[in-house]
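Below is the file input.tsv, which contains TSV, C-alpha atoms and all ligand atoms.
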```tsv
chain	number	residue	atom	x	y	z
A	1	MET	CA	94.38	-57.70	-75.08
A	2	ALA	CA	93.86	-57.63	-71.32
A	3	ASP	CA	90.14	-58.10	-71.92
A	4	ASP	CA	90.89	-61.53	-73.30
A	5	ILE	CA	92.68	-62.61	-70.14
A	6	GLY	CA	90.84	-63.91	-67.11
A	7	THR	CA	92.71	-63.44	-63.84
A	8	VAL	CA	92.06	-65.60	-60.81
A	9	ARG	CA	93.86	-64.94	-57.56
A	10	ALA	CA	95.28	-67.73	-55.43
A	11	SER	CA	96.53	-67.46	-51.87
A	12	CYS	CA	97.27	-69.42	-48.74
A	13	LEU	CA	95.60	-68.80	-45.38
A	14	CYS	CA	98.28	-66.53	-43.89
A	15	GLY	CA	98.69	-64.57	-47.13
A	16	ASN	CA	102.45	-65.07	-47.45
A	17	ILE	CA	101.95	-66.96	-50.70
A	18	ARG	CA	99.92	-65.19	-53.37
A	19	TYR	CA	99.92	-65.37	-57.11
A	20	ASN	CA	97.64	-64.76	-60.06
A	21	ILE	CA	96.51	-67.19	-62.70
A	22	ASP	CA	96.29	-65.27	-65.98
A	23	LEU	CA	94.81	-67.36	-68.76
A	24	PRO	CA	92.77	-66.64	-71.88
A	25	ARG	CA	89.11	-66.43	-70.97
A	26	ALA	CA	88.41	-69.27	-73.37
A	27	ASP	CA	90.38	-71.59	-71.06
A	28	TYR	CA	87.75	-71.29	-68.32
A	29	PRO	CA	86.20	-73.20	-66.73
A	30	LEU	CA	89.32	-75.24	-66.04
A	31	ARG	CA	89.13	-79.01	-65.56
A	32	ALA	CA	89.14	-80.28	-62.01
A	33	GLY	CA	89.17	-83.73	-60.44
A	34	PHE	CA	88.77	-85.18	-56.98
A	35	CYS	CA	91.32	-87.85	-56.08
A	36	HIS	CA	90.32	-90.24	-53.30
A	37	CYS	CA	93.49	-92.35	-53.23
A	38	ASN	CA	95.15	-93.36	-49.97
A	39	SER	CA	98.06	-91.03	-50.61
A	40	CYS	CA	95.92	-87.97	-51.35
A	41	ARG	CA	93.83	-88.54	-48.24
A	42	HIS	CA	96.86	-88.87	-46.02
A	43	VAL	CA	98.75	-85.98	-47.60
A	44	SER	CA	95.79	-83.61	-47.29
A	45	GLY	CA	94.19	-84.86	-44.07
A	46	THR	CA	90.87	-84.73	-45.95
A	47	LEU	CA	88.75	-87.33	-47.74
A	48	CYS	CA	89.88	-86.25	-51.19
A	49	MET	CA	92.28	-83.90	-52.92
A	50	THR	CA	90.46	-81.33	-55.03
A	51	MET	CA	92.77	-80.27	-57.83
A	52	VAL	CA	92.39	-77.99	-60.85
A	53	PHE	CA	94.35	-78.61	-64.06
A	54	PRO	CA	95.09	-75.54	-66.16
A	55	PRO	CA	96.49	-75.92	-69.68
A	56	LYS	CA	100.27	-76.30	-69.92
A	57	ARG	CA	100.67	-72.63	-70.75
A	58	PHE	CA	100.22	-72.08	-67.00
A	59	GLN	CA	103.68	-72.30	-65.43
A	60	PRO	CA	104.33	-70.85	-61.96
A	61	SER	CA	107.51	-68.81	-61.67
A	62	ALA	CA	110.65	-70.18	-60.06
A	63	HIS	CA	110.47	-67.20	-57.71
A	64	LEU	CA	107.06	-68.32	-56.45
A	65	LEU	CA	108.11	-71.94	-56.05
A	66	ASN	CA	111.26	-70.99	-54.17
A	67	GLN	CA	109.16	-69.29	-51.49
A	68	MET	CA	107.40	-72.54	-50.67
A	69	HIS	CA	108.07	-75.81	-48.90
A	70	SER	CA	108.32	-78.73	-51.31
A	71	PHE	CA	107.40	-82.33	-50.66
A	72	GLN	CA	108.19	-85.25	-52.97
A	73	PHE	CA	104.71	-86.77	-53.12
A	74	SER	CA	105.68	-89.55	-55.54
A	75	GLU	CA	108.34	-90.29	-58.11
A	76	ARG	CA	106.59	-87.98	-60.56
A	77	CYS	CA	104.89	-85.44	-58.32
A	78	THR	CA	106.16	-82.65	-56.10
A	79	GLN	CA	103.82	-80.62	-53.93
A	80	TYR	CA	104.35	-77.05	-52.80
A	81	SER	CA	102.90	-75.53	-49.64
A	82	CYS	CA	103.20	-72.43	-47.47
A	83	THR	CA	105.88	-72.88	-44.82
A	84	THR	CA	103.97	-70.66	-42.36
A	85	CYS	CA	100.37	-71.88	-42.51
A	86	GLY	CA	100.78	-75.23	-44.28
A	87	SER	CA	98.35	-74.45	-47.08
A	88	LYS	CA	98.89	-76.76	-50.04
A	89	MET	CA	99.16	-74.68	-53.17
A	90	LEU	CA	100.50	-76.52	-56.21
A	91	GLU	CA	101.56	-79.91	-57.50
A	92	ARG	CA	104.12	-80.42	-60.26
A	93	GLN	CA	103.40	-83.52	-62.31
A	94	GLY	CA	106.13	-84.92	-64.51
A	95	SER	CA	109.61	-86.36	-64.13
A	96	HIS	CA	112.48	-84.08	-63.15
A	97	ASP	CA	114.08	-84.03	-66.59
A	98	LEU	CA	111.03	-82.53	-68.31
A	99	VAL	CA	111.35	-79.01	-69.64
A	100	ASP	CA	108.89	-76.59	-68.07
A	101	SER	CA	106.56	-76.49	-71.03
A	102	GLN	CA	105.97	-80.25	-70.73
A	103	VAL	CA	105.09	-80.19	-67.05
A	104	THR	CA	101.47	-80.35	-65.92
A	105	TRP	CA	100.57	-78.33	-62.85
A	106	GLY	CA	97.78	-79.10	-60.47
A	107	ILE	CA	96.38	-76.18	-58.50
A	108	MET	CA	94.82	-76.97	-55.13
A	109	SER	CA	91.29	-75.72	-55.71
A	110	GLY	CA	90.78	-74.39	-52.19
A	111	THR	CA	93.45	-71.74	-52.74
A	112	LEU	CA	91.44	-70.08	-55.52
A	113	GLU	CA	89.37	-67.00	-54.76
A	114	LYS	CA	86.44	-68.35	-56.76
A	115	ALA	CA	85.19	-71.78	-57.78
A	116	ASP	CA	82.00	-71.11	-59.78
A	117	GLY	CA	82.96	-70.27	-63.35
A	118	VAL	CA	86.67	-70.92	-62.72
A	119	PHE	CA	86.67	-74.72	-62.72
A	120	GLU	CA	84.37	-77.68	-63.19
A	121	VAL	CA	84.71	-81.02	-61.45
A	122	LYS	CA	84.90	-83.59	-64.23
A	123	TYR	CA	85.87	-86.77	-62.44
A	124	HIS	CA	86.54	-88.70	-59.27
A	125	CYS	CA	89.51	-91.06	-59.36
A	126	TRP	CA	90.84	-93.86	-57.15
A	127	ILE	CA	87.46	-94.47	-55.52
A	128	GLU	CA	88.63	-98.08	-55.12
A	129	ASP	CA	91.10	-97.06	-52.41
A	130	THR	CA	88.30	-95.80	-50.17
A	131	LEU	CA	86.57	-99.23	-49.87
A	132	ASP	CA	83.34	-97.47	-48.85
A	133	GLY	CA	83.10	-94.79	-51.55
A	134	GLY	CA	84.57	-92.09	-49.32
A	135	PHE	CA	83.65	-88.55	-50.26
A	136	SER	CA	82.57	-89.54	-53.78
A	137	ASP	CA	79.04	-90.25	-52.50
A	138	PHE	CA	79.02	-86.91	-50.67
A	139	PHE	CA	79.32	-85.05	-53.97
A	140	GLN	CA	76.19	-85.21	-56.12
A	141	PRO	CA	75.61	-82.16	-58.31
A	142	THR	CA	72.06	-80.84	-58.38
A	143	LYS	CA	72.50	-79.52	-61.93
A	144	GLY	CA	74.43	-80.80	-64.93
A	145	ASP	CA	76.45	-83.98	-65.20
A	146	HIS	CA	77.84	-85.91	-62.30
A	147	PRO	CA	81.62	-86.28	-62.44
A	148	GLU	CA	82.87	-89.56	-63.91
A	149	ARG	CA	83.59	-92.07	-61.17
A	150	TRP	CA	86.82	-93.94	-61.91
A	151	LEU	CA	87.78	-96.80	-59.63
A	152	ARG	CA	91.45	-96.11	-60.28
A	153	GLY	CA	93.19	-93.62	-62.57
A	154	GLU	CA	91.12	-91.28	-64.73
A	155	GLY	CA	90.37	-93.02	-68.02
A	156	GLN	CA	92.47	-96.03	-67.02
A	157	SER	CA	90.05	-98.23	-65.11
A	158	GLU	CA	86.44	-99.22	-64.73
A	159	LYS	CA	83.87	-96.73	-63.56
A	160	SER	CA	81.80	-97.25	-60.45
A	161	PRO	CA	78.17	-96.41	-59.67
A	162	LEU	CA	77.10	-94.05	-56.90
A	163	PHE	CA	77.25	-95.74	-53.51
A	164	TRP	CA	79.75	-98.25	-54.83
A	165	GLN	CA	81.38	-100.32	-52.13
A	166	SER	CA	84.42	-102.53	-52.46
A	167	PRO	CA	83.82	-106.29	-52.53
A	168	THR	CA	86.28	-106.33	-49.63
A	169	PHE	CA	83.98	-104.01	-47.72
A	170	LEU	CA	80.85	-105.98	-48.56
A	171	ASN	CA	82.15	-109.52	-48.09
A	172	ALA	CA	84.44	-109.39	-45.11
A	173	GLN	CA	83.64	-107.81	-41.81
A	174	PRO	CA	87.02	-106.43	-40.81
A	175	PRO	CA	88.08	-107.52	-37.32
A	176	PRO	CA	87.22	-104.76	-34.87
A	177	GLN	CA	90.12	-102.44	-34.22
A	178	ASP	CA	90.77	-101.32	-30.64
A	179	ARG	CA	92.76	-98.34	-31.76
A	180	LEU	CA	92.56	-96.38	-34.93
A	181	HIS	CA	95.86	-95.33	-36.45
A	182	ALA	CA	95.96	-91.76	-37.75
A	183	HIS	CA	98.95	-90.61	-39.74
A	184	CYS	CA	100.03	-88.29	-42.50
A	185	LYS	CA	101.53	-89.35	-45.81
A	186	CYS	CA	105.19	-88.84	-44.83
A	187	GLY	CA	104.79	-90.46	-41.40
A	188	GLY	CA	106.00	-87.31	-39.63
A	189	VAL	CA	102.76	-87.22	-37.64
A	190	SER	CA	101.29	-90.42	-36.23
A	191	PHE	CA	98.90	-91.09	-33.35
A	192	TYR	CA	96.12	-93.44	-32.24
A	193	ILE	CA	92.49	-93.02	-31.27
A	194	ALA	CA	90.70	-95.32	-28.81
A	195	ARG	CA	87.02	-96.26	-29.01
A	196	PRO	CA	84.79	-93.91	-27.02
A	197	SER	CA	84.38	-94.84	-23.34
A	198	THR	CA	82.37	-93.34	-20.48
A	199	GLN	CA	85.37	-91.06	-19.95
A	200	SER	CA	84.87	-89.63	-23.44
A	201	ALA	CA	81.73	-87.81	-22.34
A	202	LEU	CA	83.57	-85.83	-19.68
A	203	GLY	CA	84.73	-82.36	-20.44
A	204	LYS	CA	83.06	-79.31	-21.85
A	205	ALA	CA	83.04	-77.76	-25.28
A	206	PRO	CA	80.80	-75.19	-26.96
A	207	TRP	CA	78.47	-76.57	-29.61
A	208	PRO	CA	79.92	-76.42	-33.11
A	209	ASP	CA	78.44	-74.79	-36.18
A	210	VAL	CA	77.91	-78.16	-37.82
A	211	LEU	CA	75.23	-78.92	-35.20
A	212	ILE	CA	73.86	-75.46	-34.43
A	213	PRO	CA	74.48	-72.91	-37.18
A	214	PHE	CA	76.46	-69.95	-35.97
A	215	HIS	CA	74.41	-67.74	-38.29
A	216	SER	CA	71.12	-68.82	-36.75
A	217	MET	CA	72.04	-67.02	-33.51
A	218	ALA	CA	70.07	-69.78	-31.78
A	219	PRO	CA	71.07	-70.18	-28.16
A	220	LYS	CA	73.50	-73.05	-27.87
A	221	PRO	CA	72.94	-75.62	-25.13
A	222	GLN	CA	75.52	-75.40	-22.38
A	223	ASP	CA	76.00	-79.05	-21.69
A	224	GLY	CA	76.02	-82.40	-23.36
A	225	ALA	CA	78.73	-84.45	-24.99
A	226	TRP	CA	77.67	-83.48	-28.50
A	227	TRP	CA	80.91	-84.95	-29.90
A	228	LEU	CA	79.64	-88.46	-29.17
A	229	ALA	CA	76.99	-90.15	-31.31
A	230	ALA	CA	75.28	-93.50	-31.80
A	231	GLY	CA	74.68	-93.97	-28.08
A	232	GLY	CA	78.19	-92.94	-27.17
A	233	THR	CA	79.82	-95.55	-29.42
A	234	LYS	CA	81.09	-93.18	-32.14
A	235	PHE	CA	82.60	-89.76	-32.57
A	236	LEU	CA	80.74	-87.09	-34.49
A	237	ALA	CA	82.25	-86.13	-37.85
A	238	GLY	CA	81.33	-83.37	-40.23
A	239	VAL	CA	82.40	-81.30	-43.20
A	240	CYS	CA	83.55	-77.70	-42.75
A	241	SER	CA	83.53	-75.29	-45.67
A	242	CYS	CA	84.69	-72.15	-43.86
A	243	ASP	CA	87.27	-70.00	-45.63
A	244	SER	CA	89.83	-70.64	-42.94
A	245	CYS	CA	89.66	-74.46	-43.19
A	246	ARG	CA	89.66	-74.28	-46.98
A	247	LEU	CA	92.69	-72.01	-47.15
A	248	ALA	CA	94.61	-73.76	-44.37
A	249	CYS	CA	94.36	-77.01	-46.27
A	250	GLY	CA	94.05	-76.01	-49.93
A	251	VAL	CA	91.13	-78.43	-50.36
A	252	GLU	CA	87.54	-77.24	-50.92
A	253	TRP	CA	86.41	-78.43	-47.50
A	254	VAL	CA	87.82	-80.26	-44.54
A	255	GLU	CA	86.23	-83.29	-42.88
A	256	TRP	CA	86.75	-83.22	-39.14
A	257	ALA	CA	86.22	-85.86	-36.46
A	258	PHE	CA	85.56	-84.41	-33.00
A	259	VAL	CA	87.69	-86.46	-30.62
A	260	PRO	CA	88.28	-86.00	-26.88
A	261	VAL	CA	92.00	-85.62	-26.27
A	262	SER	CA	91.68	-88.28	-23.56
A	263	ASP	CA	90.99	-90.81	-26.34
A	264	ILE	CA	94.16	-89.96	-28.26
A	265	THR	CA	97.55	-91.51	-27.54
A	266	LEU	CA	100.83	-91.24	-29.36
A	267	ASP	CA	101.53	-94.99	-29.31
A	268	ALA	CA	99.57	-98.05	-30.36
A	269	ASP	CA	99.46	-99.46	-26.83
A	270	GLY	CA	97.76	-96.42	-25.37
A	271	ARG	CA	100.57	-95.61	-22.91
A	272	THR	CA	101.83	-92.28	-24.20
A	273	SER	CA	99.26	-89.57	-23.54
A	274	PHE	CA	98.37	-87.01	-26.14
A	275	SER	CA	100.32	-83.80	-26.30
A	276	ARG	CA	100.22	-80.92	-28.73
A	277	GLU	CA	103.89	-81.22	-29.56
A	278	PHE	CA	105.14	-84.37	-31.23
A	279	GLY	CA	106.69	-85.57	-34.45
A	280	LYS	CA	106.75	-83.05	-37.26
A	281	LEU	CA	103.65	-81.24	-36.03
A	282	LYS	CA	103.69	-77.51	-36.83
A	283	ARG	CA	101.09	-74.99	-35.85
A	284	TYR	CA	99.69	-71.78	-37.17
A	285	GLU	CA	97.43	-69.49	-35.14
A	286	SER	CA	94.69	-68.64	-37.63
A	287	SER	CA	92.86	-66.33	-35.23
A	288	PRO	CA	93.33	-65.50	-31.55
A	289	GLY	CA	92.95	-68.72	-29.56
A	290	VAL	CA	92.60	-70.93	-32.65
A	291	ARG	CA	95.46	-73.12	-33.83
A	292	ARG	CA	95.71	-75.16	-36.97
A	293	TYR	CA	98.20	-77.99	-36.94
A	294	PHE	CA	99.84	-79.44	-40.01
A	295	CYS	CA	102.74	-81.75	-40.81
A	296	GLY	CA	106.04	-79.95	-41.36
A	297	GLY	CA	107.06	-82.74	-43.74
A	298	CYS	CA	104.14	-83.35	-46.11
A	299	ALA	CA	101.90	-80.41	-45.04
A	300	ALA	CA	98.92	-82.65	-44.22
A	301	THR	CA	96.16	-80.94	-42.24
A	302	ILE	CA	96.16	-82.59	-38.80
A	303	PHE	CA	94.14	-80.75	-36.11
A	304	TRP	CA	91.93	-77.77	-35.43
A	305	ASP	CA	92.41	-76.72	-31.83
A	306	GLY	CA	90.80	-73.87	-29.93
A	307	ASP	CA	91.13	-72.40	-26.44
A	308	GLU	CA	87.34	-72.65	-26.14
A	309	ARG	CA	87.58	-76.41	-26.52
A	310	PRO	CA	90.56	-77.80	-24.58
A	311	ASP	CA	89.01	-81.25	-24.06
A	312	VAL	CA	87.99	-81.98	-27.65
A	313	ILE	CA	90.18	-81.59	-30.71
A	314	ASP	CA	89.23	-81.84	-34.39
A	315	VAL	CA	91.13	-84.53	-36.28
A	316	GLY	CA	91.47	-84.54	-40.08
A	317	VAL	CA	89.50	-87.60	-41.22
A	318	GLY	CA	91.84	-88.21	-44.17
A	319	LEU	CA	94.52	-89.30	-41.71
A	320	LEU	CA	92.53	-92.29	-40.46
A	321	ASP	CA	93.29	-95.90	-41.36
A	322	ALA	CA	89.94	-97.49	-40.52
A	323	ALA	CA	89.77	-101.09	-41.72
A	324	GLU	CA	86.23	-100.59	-43.02
A	325	GLY	CA	87.05	-97.66	-45.30
A	326	ALA	CA	87.80	-93.98	-45.68
A	327	ARG	CA	84.61	-92.77	-43.97
A	328	ALA	CA	85.59	-94.82	-40.90
A	329	GLU	CA	81.96	-95.60	-40.22
A	330	SER	CA	82.57	-97.94	-37.29
A	331	TRP	CA	84.23	-94.98	-35.57
A	332	LEU	CA	82.43	-91.94	-36.89
A	333	GLN	CA	78.84	-90.80	-37.20
A	334	TRP	CA	78.60	-88.35	-40.09
A	335	ARG	CA	76.56	-85.22	-39.66
A	336	SER	CA	74.78	-85.43	-43.02
A	337	GLN	CA	72.27	-82.59	-42.63
A	338	ARG	CA	74.58	-79.59	-42.50
A	339	ILE	CA	77.91	-78.49	-43.93
A	340	SER	CA	79.57	-76.26	-41.41
A	341	PHE	CA	79.75	-72.56	-42.37
A	342	ARG	CA	78.10	-73.25	-45.74
A	343	GLU	CA	76.80	-69.66	-45.69
A	344	ASP	CA	80.41	-68.42	-45.96
A	345	ALA	CA	81.15	-70.71	-48.88
A	346	ILE	CA	78.07	-70.06	-51.04
A	347	PRO	CA	79.25	-66.79	-52.68
A	348	ARG	CA	82.47	-68.45	-53.85
A	349	ALA	CA	81.36	-71.97	-54.66
A	350	GLU	CA	77.60	-72.34	-54.68
A	351	SER	CA	77.50	-75.23	-57.15
A	352	LEU	CA	80.05	-77.23	-55.15
A	353	ILE	CA	78.35	-76.63	-51.83
A	354	LEU	CA	74.93	-77.56	-53.22
A	355	ALA	CA	76.46	-80.75	-54.66
A	356	ALA	CA	78.01	-81.66	-51.32
A	357	GLU	CA	74.83	-80.87	-49.40
A	358	ASN	CA	72.80	-82.97	-51.80
A	359	GLY	CA	75.27	-85.86	-51.65
A	360	MET	CA	75.41	-85.83	-47.88
A	361	LYS	CA	71.63	-85.76	-47.58
A	362	GLN	CA	71.36	-88.63	-50.08
A	363	TYR	CA	73.86	-90.48	-47.90
A	364	GLY	CA	71.84	-89.63	-44.79
A	365	HIS	CA	68.71	-90.95	-46.45
A	366	LYS	CA	70.35	-94.17	-47.64
A	367	TYR	CA	72.48	-95.06	-44.63
A	368	GLN	CA	71.06	-93.12	-41.68
A	369	GLY	CA	67.34	-93.38	-42.38
A	370	ILE	CA	66.91	-89.60	-42.40
A	371	PRO	CA	64.09	-88.42	-44.70
A	372	PHE	CA	65.49	-86.46	-47.65
A	373	LYS	CA	64.44	-82.85	-47.68
B	1	ZN	ZN	100.46	-69.25	-45.63
B	2	ZN	ZN	95.49	-89.23	-55.29
B	3	ZN	ZN	103.65	-85.69	-43.00
```

Please, can you express the file's structure as structure tokens?
Ligand SMILES: [Zn+2]
Ligand SMILES: [Zn+2]
Ligand SMILES: [Zn+2]
Amino acid sequence: MADDIGTVRASCLCGNIRYNIDLPRADYPLRAGFCHCNSCRHVSGTLCMTMVFPPKRFQPSAHLLNQMHSFQFSERCTQYSCTTCGSKMLERQGSHDLVDSQVTWGIMSGTLEKADGVFEVKYHCWIEDTLDGGFSDFFQPTKGDHPERWLRGEGQSEKSPLFWQSPTFLNAQPPPQDRLHAHCKCGGVSFYIARPSTQSALGKAPWPDVLIPFHSMAPKPQDGAWWLAAGGTKFLAGVCSCDSCRLACGVEWVEWAFVPVSDITLDADGRTSFSREFGKLKRYESSPGVRRYFCGGCAATIFWDGDERPDVIDVGVGLLDAAEGARAESWLQWRSQRISFREDAIPRAESLILAAENGMKQYGHKYQGIPFK
């Protein structure tokens, strides 16, 4: 009997929340979808929510759910996260009066010990909300079918081609914003980012893996404001696939913008300087000297902050409200040629990482003029 059951372990970053998914082997690979809607971006802090949908025979125990923080994501959906580290774990889909067997559960894919063989990404939904295509262009499988690309709900809207852009995005240049609002879904964390200035280049920070691979052991330059790009007019942004980011968030990977703290204020007028304690911000020390901040209300991933880098903080790109779209391209220059710590992610999720690397390089070729290789 046990031979017919496939067990997959799920856990949060701190390890306080752990459970097993025990399903008949025939159920695998499970269906998964990437949702790019405004709510999913702001509730995760990332460019899309990566969720796995097991058959209804999967029902987490009341004991497990009672250990977690719950957030009413929408009228129909409740999300569950670790109170200690903020990792998003599960989403209950269905009205309150449904009996358990009628409820659909979404499992945050980043909490699973393995991706390859466990789930397959079948669709993108709500691409329309991104205006610029968001992460959907960053995900282009090298083998097999591309996921379906729904503009709105899965199966309930038109599909969109790769590199789709909203007519809004194409036809109207949005008025330039002086400050970029960043906020989580529940509003418990809200702050503003100014355009880079000469001041933004001050400060010191060690070079990140997304620019110089940690594994290469190459000597890292000592100086240089690597967090600025496009002649100092934009902040660098990149995708991190390290286990710690994945588990802290519950999403496959986390998109970070590298922003000097001097460019962040807590109010729209730029008067209230940044601090590391405001609103519903909670923090979890994921390793000595490294702090991960999340919202105590909706559990959105907010910042990565390290002692080695006091002047520059990593901001979750999903929090940003850039007028031009989810990728915030008037503010951010995407590092398209490397996914940070991809070496760590390959054993667990090779097909996903290859798809994201391919998509980002296709993006780099199309929009940044970088030869595809
Ligand atoms: Zn935890
Ligand atoms: Zn969504
Ligand atoms: Zn929140």

task = Residues within 12 Å of ligand ZN 3 (chain B), counting only C-alpha atoms and all ligand atoms: report them as a PyMOL selection string.
result = chain A and resi 39-45+70-73+86+182-190+278-282+293-302+319

task = Can you pull out every residue within 10 Å of Phe119 of chain A, counting only C-alpha atoms, but drop anything in the same chain fewer than 6 positions away, and send it as a ChimeraX atom specification?
result = /A:27-33,51-54,109,112

Closest pair table for chain A residues within 7 Å of ligand ZN 1 (chain B), all atoms listed in the file, as a tab-separated table:
```
residue	atom	partner	partner_atom	distance
A:Cys12	CA	B:ZN1	ZN	4.5
A:Leu13	CA	B:ZN1	ZN	4.9
A:Cys14	CA	B:ZN1	ZN	3.9
A:Gly15	CA	B:ZN1	ZN	5.2
A:Asn16	CA	B:ZN1	ZN	5.0
A:Ile17	CA	B:ZN1	ZN	5.8
A:Cys82	CA	B:ZN1	ZN	4.6
A:Thr83	CA	B:ZN1	ZN	6.6
A:Thr84	CA	B:ZN1	ZN	5.0
A:Cys85	CA	B:ZN1	ZN	4.1
A:Gly86	CA	B:ZN1	ZN	6.1
A:Ser87	CA	B:ZN1	ZN	5.8
```

Store the residues picked out above, limited to C-alpha atoms, as a JSON list (two decimals), keeping the file's coordinate frame.
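File again_10.json, as written:
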```
[["chain", "number", "residue", "atom", "x", "y", "z"],
["A", 12, "CYS", "CA", 97.27, -69.42, -48.74],
["A", 13, "LEU", "CA", 95.60, -68.80, -45.38],
["A", 14, "CYS", "CA", 98.28, -66.53, -43.89],
["A", 15, "GLY", "CA", 98.69, -64.57, -47.13],
["A", 16, "ASN", "CA", 102.45, -65.07, -47.45],
["A", 17, "ILE", "CA", 101.95, -66.96, -50.70],
["A", 82, "CYS", "CA", 103.20, -72.43, -47.47],
["A", 83, "THR", "CA", 105.88, -72.88, -44.82],
["A", 84, "THR", "CA", 103.97, -70.66, -42.36],
["A", 85, "CYS", "CA", 100.37, -71.88, -42.51],
["A", 86, "GLY", "CA", 100.78, -75.23, -44.28],
["A", 87, "SER", "CA", 98.35, -74.45, -47.08]]
```

ask   = So which residues are near ligand ZN 2 (chain B), meaning at most 7 Å away with only C-alpha atoms and all ligand atoms counted, given back as number ranges by chain?
value = A: 35-40, 49, 126

request  = Counting all atoms listed in the file, figure out which residue out of A:Gln368, A:Thr233, A:Ser286, A:Ser197 gets nearest to Trp331 of chain A.
outcome  = A:Thr233

Please supply segment 184-195 of chain A, rebuilt with N, CA, C and O atoms, as a PDB file, keeping the file's coordinate frame.
```pdb
ATOM      1  N   CYS A 184      99.927 -89.021 -41.241  1.00  0.00           N
ATOM      2  CA  CYS A 184     100.030 -88.290 -42.500  1.00  0.00           C
ATOM      3  C   CYS A 184     100.799 -89.131 -43.509  1.00  0.00           C
ATOM      4  O   CYS A 184     101.308 -90.204 -43.199  1.00  0.00           O
ATOM      5  N   LYS A 185     100.896 -88.616 -44.709  1.00  0.00           N
ATOM      6  CA  LYS A 185     101.530 -89.350 -45.810  1.00  0.00           C
ATOM      7  C   LYS A 185     103.011 -89.636 -45.538  1.00  0.00           C
ATOM      8  O   LYS A 185     103.509 -90.726 -45.799  1.00  0.00           O
ATOM      9  N   CYS A 186     103.742 -88.654 -45.003  1.00  0.00           N
ATOM     10  CA  CYS A 186     105.190 -88.840 -44.830  1.00  0.00           C
ATOM     11  C   CYS A 186     105.525 -89.580 -43.545  1.00  0.00           C
ATOM     12  O   CYS A 186     106.672 -89.969 -43.344  1.00  0.00           O
ATOM     13  N   GLY A 187     104.544 -89.767 -42.665  1.00  0.00           N
ATOM     14  CA  GLY A 187     104.790 -90.460 -41.400  1.00  0.00           C
ATOM     15  C   GLY A 187     105.335 -89.532 -40.314  1.00  0.00           C
ATOM     16  O   GLY A 187     105.584 -89.979 -39.193  1.00  0.00           O
ATOM     17  N   GLY A 188     105.484 -88.267 -40.618  1.00  0.00           N
ATOM     18  CA  GLY A 188     106.000 -87.310 -39.630  1.00  0.00           C
ATOM     19  C   GLY A 188     105.045 -87.068 -38.479  1.00  0.00           C
ATOM     20  O   GLY A 188     105.455 -86.623 -37.404  1.00  0.00           O
ATOM     21  N   VAL A 189     103.765 -87.349 -38.702  1.00  0.00           N
ATOM     22  CA  VAL A 189     102.760 -87.220 -37.640  1.00  0.00           C
ATOM     23  C   VAL A 189     101.975 -88.523 -37.581  1.00  0.00           C
ATOM     24  O   VAL A 189     101.430 -88.975 -38.593  1.00  0.00           O
ATOM     25  N   SER A 190     101.949 -89.131 -36.402  1.00  0.00           N
ATOM     26  CA  SER A 190     101.290 -90.420 -36.230  1.00  0.00           C
ATOM     27  C   SER A 190     100.733 -90.497 -34.817  1.00  0.00           C
ATOM     28  O   SER A 190     101.408 -90.112 -33.859  1.00  0.00           O
ATOM     29  N   PHE A 191      99.497 -90.936 -34.689  1.00  0.00           N
ATOM     30  CA  PHE A 191      98.900 -91.090 -33.350  1.00  0.00           C
ATOM     31  C   PHE A 191      97.762 -92.093 -33.445  1.00  0.00           C
ATOM     32  O   PHE A 191      97.458 -92.606 -34.537  1.00  0.00           O
ATOM     33  N   TYR A 192      97.147 -92.397 -32.296  1.00  0.00           N
ATOM     34  CA  TYR A 192      96.120 -93.440 -32.240  1.00  0.00           C
ATOM     35  C   TYR A 192      94.899 -92.937 -31.474  1.00  0.00           C
ATOM     36  O   TYR A 192      95.023 -92.148 -30.533  1.00  0.00           O
ATOM     37  N   ILE A 193      93.746 -93.418 -31.906  1.00  0.00           N
ATOM     38  CA  ILE A 193      92.490 -93.020 -31.270  1.00  0.00           C
ATOM     39  C   ILE A 193      91.830 -94.282 -30.699  1.00  0.00           C
ATOM     40  O   ILE A 193      91.738 -95.305 -31.392  1.00  0.00           O
ATOM     41  N   ALA A 194      91.389 -94.193 -29.444  1.00  0.00           N
ATOM     42  CA  ALA A 194      90.700 -95.320 -28.810  1.00  0.00           C
ATOM     43  C   ALA A 194      89.199 -95.206 -29.064  1.00  0.00           C
ATOM     44  O   ALA A 194      88.690 -94.126 -29.376  1.00  0.00           O
ATOM     45  N   ARG A 195      88.475 -96.314 -28.924  1.00  0.00           N
ATOM     46  CA  ARG A 195      87.020 -96.260 -29.010  1.00  0.00           C
ATOM     47  C   ARG A 195      86.480 -95.397 -27.874  1.00  0.00           C
ATOM     48  O   ARG A 195      87.084 -95.345 -26.795  1.00  0.00           O
TER      49      ARG A 195
END
```
